[in-house]
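Comments concern the structure below.
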Amino acid sequence: MKIQIVTPSPRGSRGGNRVTALRWASQWRSLGHKPRVREKIDGESCDVLVALHARKSSAAITASRRDAPSRPIILVLTGTDIYEDLGSSKEVLRSLDLADRIVVLQDAALDELPKALRAKTAVIWQSARAPKGNVQLDKQHFAVLVIAHLRPIKDPLLAARAARRLPASSTVRVQLVGRAMDPDLGDEARQEEACNPRFVWLGPKRYAETQALLQASRVLVLSSYNEGGPAVISEAVAAGVPILSTRMPASLALLGEAYTGFFECGDEAALAALMERSETEPEFLASLHEQTISRRELVSPETERMSLRRLLAHRKP
């Protein structure tokens, strides 16, 4: 089957939409299909259109329905679609209406959709592979990693600010990996790095470099206000790295409501307390680790591959 995957993220981007598109293309290729990833729909024939981002791919979805009315359309919703644009964007509503199938990346997103759309919606968790080889942990520091492009919704400097609250005896060192999508946040990160000895901004890194940093970290901090289906959770689960996360719907769905590493959005003090417990209480860190790896089967590539196989087999509800 010829599959055209349309994503607004350009070639070379390390954004979540592009990463998802490329990973799904690889999965479908392994199943014998012929996927190709594009930024907009092209003139080549295909058997199915897969569009990431309801608003930004609206033109591609509309063109596909106009030019090939019988061609199935699968729409993958992003966090922006679900938590920002769903109630206000005409493009999103049109894309949802035209799609034969809708995909969300975690169960809680279903609650945001109109009931009439849930019957044609599938949940597919983002997968990640367990990293190969062993990486030596930093023996001088308690390494805390944040993987996030610098955008306000990610609150990427929260962990750095929280680290300031830790006692003088703490060896916490916060590393931030990500591109400055917001110039003001880039300036803030540079200022924070200059005055906070517990923080370093590493800028954007290649996937392999980011994975090595993740393996070498004691905990991962996810400080976003909202996300559609954060791949970084899947990557940390696969790597066996405990997660400290905001209590947002996506994290609750992916980690489970009983997970003990949650804090409220924007709460520096609560995050600082969790970081201190992780550093000073081995039992607490071990518990977070056990809770994290208990989710591995849900984020396995095999689970995702089976879901993608079923998605193509049942393109219409």
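To be explicit about the labels: the chains of the structure tokens are called A, B, and onward in the order shown, and within each one the residues are counted from 1, while ligands get numbers from 1 in the order they are shown.
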Residues at most 8 Å from Glu304 of chain A, counting only C-alpha atoms, excluding those fewer than 2 positions away in the same chain, as a VMD selection string?
chain A and resid 124 to 127 299 to 302 306 to 308
Write the residues of the selection above to a file with N, CA and C atoms, as a PDB file, in the first residue's frame.
```
ATOM      1  N   ILE A 124      -3.023   5.407  19.873  1.00  0.00           N
ATOM      2  CA  ILE A 124      -1.757   4.730  19.579  1.00  0.00           C
ATOM      3  C   ILE A 124      -0.655   5.421  20.376  1.00  0.00           C
ATOM      4  N   TRP A 125      -0.095   4.730  21.319  1.00  0.00           N
ATOM      5  CA  TRP A 125       0.974   5.292  22.141  1.00  0.00           C
ATOM      6  C   TRP A 125       2.258   5.381  21.337  1.00  0.00           C
ATOM      7  N   GLN A 126       3.026   6.425  21.592  1.00  0.00           N
ATOM      8  CA  GLN A 126       4.326   6.568  20.950  1.00  0.00           C
ATOM      9  C   GLN A 126       5.284   5.510  21.491  1.00  0.00           C
ATOM     10  N   SER A 127       6.041   4.889  20.620  1.00  0.00           N
ATOM     11  CA  SER A 127       6.949   3.829  21.049  1.00  0.00           C
ATOM     12  C   SER A 127       8.379   4.340  21.154  1.00  0.00           C
ATOM     13  N   VAL A 299       4.823   1.008  25.569  1.00  0.00           N
ATOM     14  CA  VAL A 299       5.564   1.866  24.635  1.00  0.00           C
ATOM     15  C   VAL A 299       6.505   1.060  23.741  1.00  0.00           C
ATOM     16  N   SER A 300       6.323  -0.233  23.674  1.00  0.00           N
ATOM     17  CA  SER A 300       7.210  -1.057  22.863  1.00  0.00           C
ATOM     18  C   SER A 300       6.926  -0.855  21.378  1.00  0.00           C
ATOM     19  N   PRO A 301       7.947  -0.903  20.530  1.00  0.00           N
ATOM     20  CA  PRO A 301       7.724  -0.785  19.083  1.00  0.00           C
ATOM     21  C   PRO A 301       6.775  -1.848  18.542  1.00  0.00           C
ATOM     22  N   GLU A 302       6.797  -3.031  19.129  1.00  0.00           N
ATOM     23  CA  GLU A 302       5.913  -4.102  18.668  1.00  0.00           C
ATOM     24  C   GLU A 302       4.454  -3.747  18.914  1.00  0.00           C
ATOM     25  N   MET A 306       1.654  -3.187  15.858  1.00  0.00           N
ATOM     26  CA  MET A 306       0.361  -3.863  15.767  1.00  0.00           C
ATOM     27  C   MET A 306      -0.771  -2.857  15.645  1.00  0.00           C
ATOM     28  N   SER A 307      -0.663  -1.749  16.378  1.00  0.00           N
ATOM     29  CA  SER A 307      -1.693  -0.712  16.307  1.00  0.00           C
ATOM     30  C   SER A 307      -1.738  -0.076  14.920  1.00  0.00           C
ATOM     31  N   LEU A 308      -0.571   0.161  14.323  1.00  0.00           N
ATOM     32  CA  LEU A 308      -0.525   0.745  12.989  1.00  0.00           C
ATOM     33  C   LEU A 308      -1.032  -0.230  11.933  1.00  0.00           C
TER      34      LEU A 308
END
```
May I have all residues of segment 186-268 of chain A that DSSP, computed from the backbone, assigns to helix (DSSP H, G or I), given as number ranges by chain?
A: 186-195, 207-215, 231-239, 249-255, 268
Residues within 9 Å of Leu255 of chain A, please, as a count of residues only. Count only C-alpha atoms; anything in the same chain fewer than 5 positions from it doesn't count.
5
Using DSSP on the backbone coordinates, identify the residues of segment 120-313 of chain A assigned to strand (DSSP E or B); present them as a VMD selection string.
chain A and resid 121 to 123 142 to 147 172 to 177 199 to 203 219 to 222 243 to 246 262 to 263
Which residue, A:Gln215, A:Glu209, A:Arg296, A:Leu312, has the smallest gap to Ile3 of chain A when you use only C-alpha atoms?
A:Leu312
Do you know which residues are at most 10 Å from segment 75-91 of chain A counting only C-alpha atoms, after dropping those on the same chain fewer than 3 positions away, and could you put them as a ChimeraX atom specification?
/A:5-7,16-17,20-21,49-59,61-62,72,94-105,109-114,121-124,153,226-230,250
Keeping only N, CA and C atoms, write those residues as a compact mmCIF listing (two decimals), in the first residue's frame.
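Once written, result-v7.txt looks like this:
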```txt
# COMPACT_ATOMS: atom_id res chain seq x y z
N ILE A 5 2.45 10.46 4.09
CA ILE A 5 2.37 11.04 5.42
C ILE A 5 2.71 12.52 5.31
N VAL A 6 1.78 13.38 5.69
CA VAL A 6 1.98 14.82 5.61
C VAL A 6 2.18 15.37 7.02
N THR A 7 3.29 16.08 7.22
CA THR A 7 3.56 16.72 8.50
C THR A 7 4.06 18.14 8.26
N GLY A 16 8.44 17.00 17.42
CA GLY A 16 7.71 15.77 17.67
C GLY A 16 6.92 15.24 16.49
N ASN A 17 6.31 16.14 15.70
CA ASN A 17 5.52 15.69 14.55
C ASN A 17 6.39 14.98 13.52
N THR A 20 7.52 11.55 14.87
CA THR A 20 6.44 10.57 14.78
C THR A 20 6.25 10.11 13.34
N ALA A 21 6.24 11.05 12.40
CA ALA A 21 6.04 10.70 10.99
C ALA A 21 7.12 9.74 10.49
N LEU A 49 -3.95 8.77 2.85
CA LEU A 49 -3.27 9.96 3.33
C LEU A 49 -3.27 9.93 4.86
N VAL A 50 -2.09 10.13 5.44
CA VAL A 50 -1.97 10.25 6.90
C VAL A 50 -1.48 11.67 7.17
N ALA A 51 -2.29 12.45 7.87
CA ALA A 51 -1.97 13.86 8.11
C ALA A 51 -1.75 14.10 9.60
N LEU A 52 -0.59 14.66 9.94
CA LEU A 52 -0.31 15.06 11.31
C LEU A 52 -0.60 16.54 11.46
N HIS A 53 -1.38 16.89 12.46
CA HIS A 53 -1.74 18.26 12.80
C HIS A 53 -2.99 18.69 12.02
N ALA A 54 -4.11 18.75 12.73
CA ALA A 54 -5.39 19.04 12.08
C ALA A 54 -5.44 20.43 11.46
N ARG A 55 -4.85 21.42 12.13
CA ARG A 55 -4.92 22.79 11.60
C ARG A 55 -3.89 23.01 10.50
N LYS A 56 -2.63 22.67 10.77
CA LYS A 56 -1.57 22.96 9.80
C LYS A 56 -1.63 22.07 8.56
N SER A 57 -2.26 20.92 8.67
CA SER A 57 -2.41 20.03 7.51
C SER A 57 -3.81 20.10 6.92
N SER A 58 -4.57 21.12 7.33
CA SER A 58 -5.95 21.25 6.86
C SER A 58 -6.03 21.36 5.34
N ALA A 59 -5.13 22.12 4.74
CA ALA A 59 -5.16 22.30 3.28
C ALA A 59 -4.92 20.98 2.56
N ILE A 61 -5.57 17.96 3.73
CA ILE A 61 -6.74 17.11 3.94
C ILE A 61 -7.87 17.52 3.01
N THR A 62 -8.11 18.82 2.90
CA THR A 62 -9.16 19.32 2.01
C THR A 62 -8.87 18.97 0.56
N PRO A 72 -8.95 7.12 1.62
CA PRO A 72 -9.09 7.26 3.07
C PRO A 72 -8.11 8.29 3.63
N ARG A 94 -12.97 21.22 10.42
CA ARG A 94 -13.13 20.67 9.08
C ARG A 94 -12.29 19.42 8.90
N SER A 95 -11.06 19.44 9.41
CA SER A 95 -10.19 18.25 9.29
C SER A 95 -10.79 17.06 10.03
N LEU A 96 -11.32 17.30 11.22
CA LEU A 96 -11.95 16.23 11.99
C LEU A 96 -13.14 15.65 11.25
N ASP A 97 -13.89 16.50 10.60
CA ASP A 97 -15.08 16.04 9.87
C ASP A 97 -14.70 15.24 8.64
N LEU A 98 -13.64 15.67 7.93
CA LEU A 98 -13.25 15.00 6.68
C LEU A 98 -12.50 13.69 6.93
N ALA A 99 -11.86 13.55 8.07
CA ALA A 99 -11.06 12.35 8.33
C ALA A 99 -11.93 11.11 8.47
N ASP A 100 -11.45 10.02 7.86
CA ASP A 100 -12.12 8.73 8.03
C ASP A 100 -11.75 8.09 9.36
N ARG A 101 -10.50 8.29 9.77
CA ARG A 101 -10.03 7.82 11.07
C ARG A 101 -9.25 8.93 11.75
N ILE A 102 -9.33 8.97 13.07
CA ILE A 102 -8.59 9.94 13.88
C ILE A 102 -7.70 9.17 14.84
N VAL A 103 -6.50 9.67 15.06
CA VAL A 103 -5.58 9.04 16.01
C VAL A 103 -5.19 10.05 17.07
N VAL A 104 -5.26 9.63 18.33
CA VAL A 104 -4.71 10.41 19.44
C VAL A 104 -3.61 9.56 20.07
N LEU A 105 -2.68 10.22 20.77
CA LEU A 105 -1.48 9.53 21.25
C LEU A 105 -1.54 9.16 22.72
N ALA A 109 -6.84 12.10 25.77
CA ALA A 109 -7.23 12.98 24.67
C ALA A 109 -8.65 12.66 24.18
N LEU A 110 -9.08 11.43 24.36
CA LEU A 110 -10.44 11.06 23.94
C LEU A 110 -11.48 11.91 24.63
N ASP A 111 -11.22 12.28 25.88
CA ASP A 111 -12.18 13.06 26.66
C ASP A 111 -12.39 14.45 26.09
N GLU A 112 -11.42 14.94 25.30
CA GLU A 112 -11.52 16.28 24.73
C GLU A 112 -12.32 16.31 23.44
N LEU A 113 -12.53 15.14 22.83
CA LEU A 113 -13.21 15.09 21.54
C LEU A 113 -14.72 15.03 21.71
N PRO A 114 -15.47 15.61 20.78
CA PRO A 114 -16.93 15.42 20.79
C PRO A 114 -17.27 13.94 20.73
N THR A 121 -12.06 7.09 16.35
CA THR A 121 -10.78 7.49 16.92
C THR A 121 -10.05 6.31 17.54
N ALA A 122 -8.78 6.19 17.26
CA ALA A 122 -7.92 5.15 17.83
C ALA A 122 -6.85 5.81 18.70
N VAL A 123 -6.43 5.10 19.73
CA VAL A 123 -5.33 5.55 20.59
C VAL A 123 -4.09 4.73 20.24
N ILE A 124 -3.02 5.41 19.87
CA ILE A 124 -1.76 4.73 19.58
C ILE A 124 -0.66 5.42 20.38
N ILE A 153 4.74 26.85 26.48
CA ILE A 153 3.92 25.74 26.96
C ILE A 153 4.76 24.64 27.59
N ASN A 226 0.86 21.29 28.93
CA ASN A 226 0.04 20.31 28.22
C ASN A 226 0.79 19.80 27.00
N GLU A 227 0.55 18.53 26.67
CA GLU A 227 1.08 17.93 25.45
C GLU A 227 0.10 16.89 24.95
N GLY A 228 0.19 16.60 23.65
CA GLY A 228 -0.73 15.63 23.08
C GLY A 228 -0.34 14.20 23.39
N GLY A 229 0.94 13.91 23.37
CA GLY A 229 1.43 12.56 23.64
C GLY A 229 2.93 12.59 23.66
N PRO A 230 3.52 13.04 24.74
CA PRO A 230 4.97 13.31 24.78
C PRO A 230 5.82 12.07 24.54
N ALA A 250 -1.93 14.14 29.60
CA ALA A 250 -1.11 13.17 28.86
C ALA A 250 -0.24 12.35 29.79
```
Can you measure atom CA of Asp184 of chain A to atom CA of Ala272 of chain A for me? One decimal in Å is fine.
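Separating atom CA of Asp184 of chain A from atom CA of Ala272 of chain A is a distance of 24.1 Å.
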